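Undergrad: Structure file data.pdb (PDB, C-alpha atoms and all ligand atoms) is given on the next line.
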ATOM      1  CA  MET A   6      -2.405  15.995   2.713  1.00  0.00           C
ATOM      2  CA  PRO A   7      -0.841  16.022  -0.797  1.00  0.00           C
ATOM      3  CA  HIS A   8      -1.962  18.305  -3.569  1.00  0.00           C
ATOM      4  CA  CYS A   9      -2.600  17.359  -7.210  1.00  0.00           C
ATOM      5  CA  GLN A  10       0.530  18.189  -9.227  1.00  0.00           C
ATOM      6  CA  ASN A  11      -1.597  19.300 -12.168  1.00  0.00           C
ATOM      7  CA  CYS A  12      -4.237  21.613 -10.666  1.00  0.00           C
ATOM      8  CA  GLY A  13      -3.195  21.969  -7.008  1.00  0.00           C
ATOM      9  CA  PHE A  14      -6.393  20.370  -5.698  1.00  0.00           C
ATOM     10  CA  ARG A  15      -5.963  19.106  -2.118  1.00  0.00           C
ATOM     11  CA  TRP A  16      -6.712  15.370  -1.977  1.00  0.00           C
ATOM     12  CA  THR A  17      -8.624  13.867   0.920  1.00  0.00           C
ATOM     13  CA  TRP A  18      -7.351  11.134   3.222  1.00  0.00           C
ATOM     14  CA  SER A  19      -9.723   8.547   1.701  1.00  0.00           C
ATOM     15  CA  ASP A  20      -8.580   9.480  -1.819  1.00  0.00           C
ATOM     16  CA  MET A  21      -4.993   8.882  -0.729  1.00  0.00           C
ATOM     17  CA  ILE A  22      -5.852   5.462   0.736  1.00  0.00           C
ATOM     18  CA  LEU A  23      -7.425   4.501  -2.609  1.00  0.00           C
ATOM     19  CA  VAL A  24      -4.536   5.800  -4.716  1.00  0.00           C
ATOM     20  CA  ALA A  25      -2.036   4.095  -2.398  1.00  0.00           C
ATOM     21  CA  PHE A  26      -3.659   0.717  -3.037  1.00  0.00           C
ATOM     22  CA  LYS A  27      -4.242   1.242  -6.778  1.00  0.00           C
ATOM     23  CA  GLY A  28      -0.950   3.022  -7.546  1.00  0.00           C
ATOM     24  CA  ASN A  29      -2.597   5.682  -9.655  1.00  0.00           C
ATOM     25  CA  MET A  30      -5.959   7.432  -9.805  1.00  0.00           C
ATOM     26  CA  PRO A  31      -7.514  10.401 -11.659  1.00  0.00           C
ATOM     27  CA  CYS A  32      -7.632  13.639  -9.680  1.00  0.00           C
ATOM     28  CA  PRO A  33     -11.160  14.278  -8.290  1.00  0.00           C
ATOM     29  CA  ASN A  34     -10.945  17.853  -9.588  1.00  0.00           C
ATOM     30  CA  CYS A  35      -9.146  17.833 -12.975  1.00  0.00           C
ATOM     31  CA  ARG A  36      -9.353  14.099 -13.835  1.00  0.00           C
ATOM     32  CA  LYS A  37      -5.650  13.865 -14.668  1.00  0.00           C
ATOM     33  CA  ASP A  38      -4.010  10.622 -13.511  1.00  0.00           C
ATOM     34  CA  GLN A  39      -1.880  11.071 -10.415  1.00  0.00           C
ATOM     35  CA  TYR A  40       0.707   8.565  -9.185  1.00  0.00           C
ATOM     36  CA  VAL A  41       1.849   7.880  -5.625  1.00  0.00           C
ATOM     37  CA  GLN A  42       5.423   8.504  -4.625  1.00  0.00           C
ATOM     38  CA  SER A  43       7.249   7.609  -1.408  1.00  0.00           C
ATOM     39  CA  GLY A  44       4.655   5.021  -0.384  1.00  0.00           C
ATOM     40  CA  ARG A  45       7.059   2.143  -0.950  1.00  0.00           C
ATOM     41  CA  ASN A  46       9.738   3.959   1.025  1.00  0.00           C
ATOM     42  CA  LEU A  47       7.446   4.241   4.025  1.00  0.00           C
ATOM     43  CA  PHE A  48       6.485   0.582   3.737  1.00  0.00           C
ATOM     44  CA  GLY A  49      10.165  -0.326   3.544  1.00  0.00           C
ATOM     45  CA  ALA A  50      10.901   1.726   6.635  1.00  0.00           C
ATOM     46  CA  PHE A  51       8.251  -0.188   8.573  1.00  0.00           C
ATOM     47  CA  LEU A  52       9.721  -3.512   7.455  1.00  0.00           C
ATOM     48  CA  VAL A  53      13.139  -2.402   8.659  1.00  0.00           C
ATOM     49  CA  VAL A  54      11.869  -1.118  12.009  1.00  0.00           C
ATOM     50  CA  MET A  55       9.601  -4.111  12.732  1.00  0.00           C
ATOM     51  CA  PRO A  56      12.280  -6.704  13.703  1.00  0.00           C
ATOM     52  CA  PHE A  57      13.827  -4.264  16.172  1.00  0.00           C
ATOM     53  CA  VAL A  58      10.460  -3.538  17.749  1.00  0.00           C
ATOM     54  CA  LEU A  59       9.781  -7.265  18.083  1.00  0.00           C
ATOM     55  CA  LEU A  60      13.238  -7.888  19.515  1.00  0.00           C
ATOM     56  CA  PHE A  61      12.767  -5.049  21.970  1.00  0.00           C
ATOM     57  CA  SER A  62       9.375  -6.317  23.118  1.00  0.00           C
ATOM     58  CA  TYR A  63      10.856  -9.837  23.417  1.00  0.00           C
ATOM     59  CA  LEU A  64      13.720  -8.606  25.580  1.00  0.00           C
ATOM     60  CA  THR A  65      11.513  -6.459  27.793  1.00  0.00           C
ATOM     61  CA  SER A  66       8.666  -8.952  28.143  1.00  0.00           C
ATOM     62  CA  ASP A  67       8.439 -11.386  31.049  1.00  0.00           C
ATOM     63  CA  PHE A  68       6.168 -13.647  29.013  1.00  0.00           C
ATOM     64  CA  GLY A  69       8.719 -14.367  26.308  1.00  0.00           C
ATOM     65  CA  PHE A  70       8.155 -14.509  22.584  1.00  0.00           C
ATOM     66  CA  SER A  71       4.758 -15.475  21.284  1.00  0.00           C
ATOM     67  CA  TRP A  72       3.554 -15.637  17.695  1.00  0.00           C
ATOM     68  CA  LEU A  73       0.236 -14.106  18.716  1.00  0.00           C
ATOM     69  CA  LEU A  74       2.088 -11.055  20.005  1.00  0.00           C
ATOM     70  CA  ALA A  75       4.251 -10.933  16.878  1.00  0.00           C
ATOM     71  CA  ILE A  76       1.282 -11.175  14.504  1.00  0.00           C
ATOM     72  CA  THR A  77      -0.706  -8.644  16.533  1.00  0.00           C
ATOM     73  CA  GLY A  78       2.277  -6.302  16.456  1.00  0.00           C
ATOM     74  CA  PHE A  79       2.695  -6.812  12.717  1.00  0.00           C
ATOM     75  CA  MET A  80      -1.002  -6.142  12.045  1.00  0.00           C
ATOM     76  CA  PHE A  81      -0.827  -3.053  14.257  1.00  0.00           C
ATOM     77  CA  TYR A  82       2.141  -1.711  12.306  1.00  0.00           C
ATOM     78  CA  MET A  83       0.574  -2.448   8.926  1.00  0.00           C
ATOM     79  CA  THR A  84      -2.621  -0.703  10.001  1.00  0.00           C
ATOM     80  CA  LEU A  85      -0.691   2.218  11.417  1.00  0.00           C
ATOM     81  CA  GLY A  86       1.375   2.425   8.226  1.00  0.00           C
ATOM     82  CA  THR A  87      -1.750   2.412   6.072  1.00  0.00           C
ATOM     83  CA  LEU A  88      -3.546   4.988   8.205  1.00  0.00           C
ATOM     84  CA  ALA A  89      -0.518   7.277   8.458  1.00  0.00           C
ATOM     85  CA  GLY A  90       0.576   6.692   4.849  1.00  0.00           C
ATOM     86  CA  PRO A  91      -1.441   9.523   3.222  1.00  0.00           C
ATOM     87  CA  PHE A  92       0.423  12.055   5.386  1.00  0.00           C
ATOM     88  CA  PHE A  93       3.745  10.962   3.863  1.00  0.00           C
ATOM     89  CA  TYR A  94       2.778  10.276   0.238  1.00  0.00           C
ATOM     90  CA  LYS A  95       3.388  12.690  -2.601  1.00  0.00           C
ATOM     91  CA  LEU A  96       1.472  12.902  -5.859  1.00  0.00           C
ATOM     92  CA  SER A  97       3.129  12.948  -9.246  1.00  0.00           C
ATOM     93  CA  ASN A  98       2.006  13.486 -12.858  1.00  0.00           C
ATOM     94  CA  THR A  99       4.211  10.621 -14.013  1.00  0.00           C
ATOM     95  CA  LYS A 100       5.055   7.130 -12.870  1.00  0.00           C
ATOM     96  CA  LYS A 101       8.793   7.887 -12.858  1.00  0.00           C
ATOM     97  CA  ARG A 102      10.478   9.012  -9.675  1.00  0.00           C
ATOM     98  CA  SER A 103      12.010  12.451  -9.951  1.00  0.00           C
TER      99      SER A 103
HETATM  100 ZN    ZN A 201      -5.977  17.857 -10.282  1.00  0.00          ZN
END
Do you think you could lay out the structure here as structure tokens?
TA:
Amino acid sequence: MPHCQNCGFRWTWSDMILVAFKGNMPCPNCRKDQYVQSGRNLFGAFLVVMPFVLLFSYLTSDFGFSWLLAITGFMFYMTLGTLAGPFFYKLSNTKKRS
């Protein structure tokens, strides 16, 4: 889990979920605003991987393509991305990417 770039406080998973949705949030320890980095990159990676996963499941499935399967797969990936996100995010003191 990421640490605050100002005081080194280790953020919790639920804090990271909140900051990922809001973009920035004050540190629970020192109250300095921290910004999320790399979150968009992870989201982008999922969007890139998704079509290949769907294509693969289409080619390997005997039932053929179904929208229900596609939507379920998409929801699964979004949920997985959200749940796994905090492990890949980094905190920053500024909004700018370094
Ligand atoms: Zn802090």
Undergrad: Residues picked by the PyMOL selection byres (((chain A and resi 25) around 9) and not hetatm) here, as a list in words?
TA: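 Listing what the PyMOL selection byres (((chain A and resi 25) around 9) and not hetatm) selects in the shown file: Asp20, Met21, Ile22, Leu23, Val24, Phe26, Lys27, Gly28, Asn29, Tyr40, Val41, Gln42, Gly44, Thr87, Gly90, Pro91 and Tyr94 of chain A.
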Undergrad: Which residues form the shell of 7 Å around ligand ZN 201 (chain A) when you count only C-alpha atoms and all ligand atoms, given as a list in words?
TA: Cys9, Gln10, Asn11, Cys12, Gly13, Phe14, Cys32, Pro33, Asn34, Cys35, Arg36 and Lys37 of chain A
Undergrad: Take the residues from that selection and put them in a file with C-alpha atoms, as a PDB file, keeping the file's coordinate frame.
TA:
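Done, and the output landed in result05.pdb:
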ATOM      1  CA  CYS A   9      -2.600  17.359  -7.210  1.00  0.00           C
ATOM      2  CA  GLN A  10       0.530  18.189  -9.227  1.00  0.00           C
ATOM      3  CA  ASN A  11      -1.597  19.300 -12.168  1.00  0.00           C
ATOM      4  CA  CYS A  12      -4.237  21.613 -10.666  1.00  0.00           C
ATOM      5  CA  GLY A  13      -3.195  21.969  -7.008  1.00  0.00           C
ATOM      6  CA  PHE A  14      -6.393  20.370  -5.698  1.00  0.00           C
ATOM      7  CA  CYS A  32      -7.632  13.639  -9.680  1.00  0.00           C
ATOM      8  CA  PRO A  33     -11.160  14.278  -8.290  1.00  0.00           C
ATOM      9  CA  ASN A  34     -10.945  17.853  -9.588  1.00  0.00           C
ATOM     10  CA  CYS A  35      -9.146  17.833 -12.975  1.00  0.00           C
ATOM     11  CA  ARG A  36      -9.353  14.099 -13.835  1.00  0.00           C
ATOM     12  CA  LYS A  37      -5.650  13.865 -14.668  1.00  0.00           C
TER      13      LYS A  37
END
Undergrad: Quick one, how far is atom CA of A:Phe61 from atom CA of A:Ala75?
TA: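 Going from atom CA of A:Phe61 over to atom CA of A:Ala75, I get 11.5 Å.
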Undergrad: Rounded to one decimal, what separation in Å do you get between atom CA of A:Gln39 and atom CA of A:Ala89?
TA: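 Distance between the two atoms: 19.3 Å.
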Undergrad: Quick one, how far is atom CA of A:Pro31 from atom CA of A:Met83?
TA: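 Answer for the atom CA of A:Pro31 to atom CA of A:Met83 separation: 25.6 Å.
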Undergrad: Determine the nearest neighbour of A:Val58 from the options A:Met6, A:Leu96, A:Leu74, A:Leu88, counting all atoms listed in the file.
TA: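 For A:Val58, the nearest of the candidates is A:Leu74.
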Undergrad: Between A:Met55, A:Asp38, A:Asn98, A:Met30, which one has atoms that come closest to A:Phe79, using only C-alpha atoms?
TA: A:Met55
